[in-house]
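To keep things clear, I will list the structure first and then write my remarks on it.
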Amino acid sequence: MQFTSEQRVDDGVLERAFTLGEIPGILWTPASASASTPVPLILLGHPPLGLRRMYPRLVDRARQAAADGFASATIELPGSGDRPRMPAVEQARAAMRRAMEAGEPVGDEIVDALVLPLVDRAVPEWRAALDALLALPEVEGPVGFSGGVISVAIRLAAVEPRIVAAGLFAGSFVPRSVFEEARRVTIPLHVLMQWDDEGNDRQAALDLFDAFGSKEKTLNANMGGHTGVPQFAGDAAGQFFARHLR
């Protein structure tokens with residue numbers, strides 16, 4: 001890991017951009033973090049829209065994490081931002097868009113082609129980032145995962161023992177094979193769901209929640225569309241991590 005820049009944001013939060021090989025990322029640490037007082041870590045997942053586009057939302061989440069006493073970090077997803085394109089994934093994304101615009105169902109073949117290559121590449125990259133981040137003296141476990149492409153989060157939660165809790169945003173475009181992996185996820189989960197989300201199938205999202213193998217799992221469902229998550233729902237997610245990362 002190589003740090004490439006740093007700046008202070010609100011309340012003394014230190015923001016450092018880094019590269020991990022060819023993968024860009026950002027680490028935020030609260031003013032209290034030091035080698036003598038390391039803080040737990042939350043990995044901030046996000047949709048494949050690019051770090052530059054997602055930055056305003058990510059830094060808001062990082063500020064909240066820092067206020068709760070946590071470091072947070074994110075990395076650029078494969079095929080996003082300035083990283084090399086994934087033509088097959090982009091073709092699948094275009095096919096999904098055409099199907100949705102035509103009011104047709106998005107078939108399993110399209111979902112697999114869209115999601116599985118991303119999961120297969122992103123999960124090892126997240127694990128490599130976690131290796132590097134936990135090697136820093138001011139950062140320690142336990143580790144949480146928040147948000148992101150839900151299929152990536154499912155695979156990561158199933159295979160990465162250092163992640164002890166996850167706060168997810170409900171989604172429905174999940175390959176059947178990843179749906180089965182959800183049954184192997186046993187860590188505590190807090191899942192946010194927008195009841196009228198125009199981009200997700202409600203019943204499929206509910207079925208996925210039911211599939212998780214976790215004994216402790218909470219579904220926080222709120223009225224409204226995809227971008228209408230109320231403030232109190234975010235506060236509840238922060239309380240969830242406060243319980244499980246300390």
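Residues are referred to by chain and number: the chain letter is A, B, ... according to the order shown in the structure tokens, the number counts from 1 in that chain, and ligands are numbered separately from 1 in the order shown.
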Find the spatial neighbours of stretch 182-186 of chain A, counting only C-alpha atoms, within a cut-off of 10 Å - ignore same-chain residues fewer than 4 positions away - and output them as an MDAnalysis selection string.
chainID A and resid 151 153:159 164:165 176:178 208:217
Generate a file of the selected residues that holds N, CA, C and O atoms, formatted as a PDB file, in the first residue's frame.
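Full text of part.pdb as output:
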ATOM      1  N   SER A 151     -23.931  -8.634  -3.667  1.00  0.00           N
ATOM      2  CA  SER A 151     -23.323  -9.934  -3.975  1.00  0.00           C
ATOM      3  C   SER A 151     -21.856  -9.973  -3.568  1.00  0.00           C
ATOM      4  O   SER A 151     -21.358 -11.010  -3.120  1.00  0.00           O
ATOM      5  N   ALA A 153     -20.617  -8.231  -1.053  1.00  0.00           N
ATOM      6  CA  ALA A 153     -20.663  -8.303   0.400  1.00  0.00           C
ATOM      7  C   ALA A 153     -20.970  -9.714   0.881  1.00  0.00           C
ATOM      8  O   ALA A 153     -20.399 -10.189   1.873  1.00  0.00           O
ATOM      9  N   ILE A 154     -21.869 -10.407   0.193  1.00  0.00           N
ATOM     10  CA  ILE A 154     -22.225 -11.770   0.586  1.00  0.00           C
ATOM     11  C   ILE A 154     -21.011 -12.687   0.483  1.00  0.00           C
ATOM     12  O   ILE A 154     -20.681 -13.425   1.427  1.00  0.00           O
ATOM     13  N   ARG A 155     -20.326 -12.670  -0.665  1.00  0.00           N
ATOM     14  CA  ARG A 155     -19.153 -13.521  -0.839  1.00  0.00           C
ATOM     15  C   ARG A 155     -18.081 -13.177   0.199  1.00  0.00           C
ATOM     16  O   ARG A 155     -17.478 -14.074   0.802  1.00  0.00           O
ATOM     17  N   LEU A 156     -17.848 -11.892   0.394  1.00  0.00           N
ATOM     18  CA  LEU A 156     -16.811 -11.468   1.331  1.00  0.00           C
ATOM     19  C   LEU A 156     -17.155 -11.914   2.749  1.00  0.00           C
ATOM     20  O   LEU A 156     -16.287 -12.412   3.489  1.00  0.00           O
ATOM     21  N   ALA A 157     -18.405 -11.737   3.146  1.00  0.00           N
ATOM     22  CA  ALA A 157     -18.816 -12.147   4.494  1.00  0.00           C
ATOM     23  C   ALA A 157     -18.726 -13.655   4.671  1.00  0.00           C
ATOM     24  O   ALA A 157     -18.467 -14.143   5.777  1.00  0.00           O
ATOM     25  N   ALA A 158     -18.908 -14.401   3.588  1.00  0.00           N
ATOM     26  CA  ALA A 158     -18.868 -15.864   3.665  1.00  0.00           C
ATOM     27  C   ALA A 158     -17.450 -16.406   3.785  1.00  0.00           C
ATOM     28  O   ALA A 158     -17.236 -17.460   4.393  1.00  0.00           O
ATOM     29  N   VAL A 159     -16.464 -15.682   3.224  1.00  0.00           N
ATOM     30  CA  VAL A 159     -15.101 -16.243   3.158  1.00  0.00           C
ATOM     31  C   VAL A 159     -14.094 -15.521   4.047  1.00  0.00           C
ATOM     32  O   VAL A 159     -13.002 -16.055   4.260  1.00  0.00           O
ATOM     33  N   VAL A 164     -16.709  -9.264  11.081  1.00  0.00           N
ATOM     34  CA  VAL A 164     -17.553  -9.827  12.137  1.00  0.00           C
ATOM     35  C   VAL A 164     -18.978  -9.306  12.119  1.00  0.00           C
ATOM     36  O   VAL A 164     -19.833  -9.811  12.865  1.00  0.00           O
ATOM     37  N   ALA A 165     -19.265  -8.290  11.287  1.00  0.00           N
ATOM     38  CA  ALA A 165     -20.615  -7.738  11.192  1.00  0.00           C
ATOM     39  C   ALA A 165     -20.738  -6.989   9.875  1.00  0.00           C
ATOM     40  O   ALA A 165     -19.747  -6.458   9.365  1.00  0.00           O
ATOM     41  N   ARG A 176     -28.046 -16.904  -8.577  1.00  0.00           N
ATOM     42  CA  ARG A 176     -28.516 -18.013  -7.737  1.00  0.00           C
ATOM     43  C   ARG A 176     -27.379 -18.627  -6.934  1.00  0.00           C
ATOM     44  O   ARG A 176     -27.562 -19.047  -5.785  1.00  0.00           O
ATOM     45  N   SER A 177     -26.185 -18.685  -7.516  1.00  0.00           N
ATOM     46  CA  SER A 177     -25.052 -19.273  -6.793  1.00  0.00           C
ATOM     47  C   SER A 177     -24.675 -18.411  -5.582  1.00  0.00           C
ATOM     48  O   SER A 177     -24.328 -18.933  -4.521  1.00  0.00           O
ATOM     49  N   VAL A 178     -24.745 -17.087  -5.729  1.00  0.00           N
ATOM     50  CA  VAL A 178     -24.444 -16.204  -4.594  1.00  0.00           C
ATOM     51  C   VAL A 178     -25.575 -16.262  -3.572  1.00  0.00           C
ATOM     52  O   VAL A 178     -25.340 -16.173  -2.361  1.00  0.00           O
ATOM     53  N   LEU A 208     -33.958 -13.002  -0.227  1.00  0.00           N
ATOM     54  CA  LEU A 208     -32.527 -13.019   0.058  1.00  0.00           C
ATOM     55  C   LEU A 208     -32.285 -12.822   1.552  1.00  0.00           C
ATOM     56  O   LEU A 208     -31.442 -13.516   2.148  1.00  0.00           O
ATOM     57  N   PHE A 209     -33.009 -11.901   2.158  1.00  0.00           N
ATOM     58  CA  PHE A 209     -32.859 -11.695   3.598  1.00  0.00           C
ATOM     59  C   PHE A 209     -33.163 -12.986   4.349  1.00  0.00           C
ATOM     60  O   PHE A 209     -32.434 -13.371   5.275  1.00  0.00           O
ATOM     61  N   ASP A 210     -34.221 -13.675   3.960  1.00  0.00           N
ATOM     62  CA  ASP A 210     -34.583 -14.934   4.611  1.00  0.00           C
ATOM     63  C   ASP A 210     -33.488 -15.988   4.441  1.00  0.00           C
ATOM     64  O   ASP A 210     -33.294 -16.844   5.309  1.00  0.00           O
ATOM     65  N   ALA A 211     -32.747 -15.917   3.324  1.00  0.00           N
ATOM     66  CA  ALA A 211     -31.737 -16.937   3.040  1.00  0.00           C
ATOM     67  C   ALA A 211     -30.493 -16.812   3.911  1.00  0.00           C
ATOM     68  O   ALA A 211     -29.787 -17.808   4.119  1.00  0.00           O
ATOM     69  N   PHE A 212     -30.199 -15.628   4.424  1.00  0.00           N
ATOM     70  CA  PHE A 212     -28.998 -15.472   5.235  1.00  0.00           C
ATOM     71  C   PHE A 212     -29.027 -16.428   6.423  1.00  0.00           C
ATOM     72  O   PHE A 212     -30.050 -16.578   7.094  1.00  0.00           O
ATOM     73  N   GLY A 213     -27.881 -17.043   6.699  1.00  0.00           N
ATOM     74  CA  GLY A 213     -27.805 -18.009   7.792  1.00  0.00           C
ATOM     75  C   GLY A 213     -27.577 -17.398   9.152  1.00  0.00           C
ATOM     76  O   GLY A 213     -27.480 -18.132  10.142  1.00  0.00           O
ATOM     77  N   SER A 214     -27.482 -16.094   9.244  1.00  0.00           N
ATOM     78  CA  SER A 214     -27.185 -15.423  10.507  1.00  0.00           C
ATOM     79  C   SER A 214     -28.313 -15.617  11.518  1.00  0.00           C
ATOM     80  O   SER A 214     -29.492 -15.465  11.178  1.00  0.00           O
ATOM     81  N   LYS A 215     -27.936 -15.929  12.769  1.00  0.00           N
ATOM     82  CA  LYS A 215     -28.925 -15.997  13.837  1.00  0.00           C
ATOM     83  C   LYS A 215     -29.387 -14.600  14.240  1.00  0.00           C
ATOM     84  O   LYS A 215     -30.522 -14.411  14.669  1.00  0.00           O
ATOM     85  N   GLU A 216     -28.486 -13.637  14.131  1.00  0.00           N
ATOM     86  CA  GLU A 216     -28.836 -12.258  14.424  1.00  0.00           C
ATOM     87  C   GLU A 216     -28.876 -11.466  13.121  1.00  0.00           C
ATOM     88  O   GLU A 216     -27.841 -11.195  12.511  1.00  0.00           O
ATOM     89  N   LYS A 217     -30.059 -11.146  12.671  1.00  0.00           N
ATOM     90  CA  LYS A 217     -30.209 -10.344  11.451  1.00  0.00           C
ATOM     91  C   LYS A 217     -31.443  -9.469  11.591  1.00  0.00           C
ATOM     92  O   LYS A 217     -32.487  -9.917  12.061  1.00  0.00           O
TER      93      LYS A 217
END
Excluding A:Leu49 and residues on its chain fewer than 6 positions from it, collect all residues at most 10 Å away from it, counting only C-alpha atoms, and give them as number ranges by chain.
A: 76-77, 79-81
Go ahead and dump the residues you just picked, all heavy atoms, as a CSV table (one decimal), in the first residue's frame.
chain,number,residue,atom,x,y,z
A,76,GLU,N,-11.5,1.2,-5.2
A,76,GLU,CA,-12.2,1.3,-6.5
A,76,GLU,C,-12.6,-0.1,-7.0
A,76,GLU,O,-11.7,-1.0,-6.9
A,76,GLU,CB,-11.3,2.0,-7.6
A,76,GLU,CG,-12.0,2.3,-8.9
A,76,GLU,CD,-12.9,3.5,-8.8
A,76,GLU,OE1,-12.5,4.6,-9.0
A,76,GLU,OE2,-14.1,3.2,-8.5
A,77,LEU,N,-13.8,-0.3,-7.4
A,77,LEU,CA,-14.2,-1.6,-7.9
A,77,LEU,C,-13.6,-1.9,-9.3
A,77,LEU,O,-13.3,-1.0,-10.1
A,77,LEU,CB,-15.7,-1.7,-8.0
A,77,LEU,CG,-16.5,-1.8,-6.7
A,77,LEU,CD1,-18.0,-1.7,-6.9
A,77,LEU,CD2,-16.2,-3.2,-6.0
A,79,GLY,N,-13.3,-2.4,-13.1
A,79,GLY,CA,-14.1,-1.9,-14.2
A,79,GLY,C,-14.6,-0.5,-14.0
A,79,GLY,O,-15.3,0.0,-14.8
A,80,SER,N,-14.4,0.1,-12.8
A,80,SER,CA,-14.9,1.4,-12.5
A,80,SER,C,-13.8,2.5,-12.4
A,80,SER,O,-12.6,2.2,-12.4
A,80,SER,CB,-15.6,1.3,-11.1
A,80,SER,OG,-16.7,0.5,-11.1
A,81,GLY,N,-14.3,3.7,-12.4
A,81,GLY,CA,-13.3,4.8,-12.3
A,81,GLY,C,-12.3,4.8,-13.5
A,81,GLY,O,-12.7,4.7,-14.7
Residues near stretch 27-36 of chain A, anyone? I mean within 12 Å using only C-alpha atoms, not counting same-chain ones fewer than 4 positions away, as a PyMOL selection string.
chain A and resi 1-20+40-44+58-75+129-130+132-140
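Proximity to A:Glu181 was assessed for A:Ala95, A:Ile150, A:Leu206, A:Leu114 counting only C-alpha atoms; the smallest distance is recorded for A:Ile150.
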10 Å contact set for A:His244, only C-alpha atoms, chain neighbours under 5 positions out, as a PyMOL selection string:
chain A and resi 142-144+164-166+187-188+239
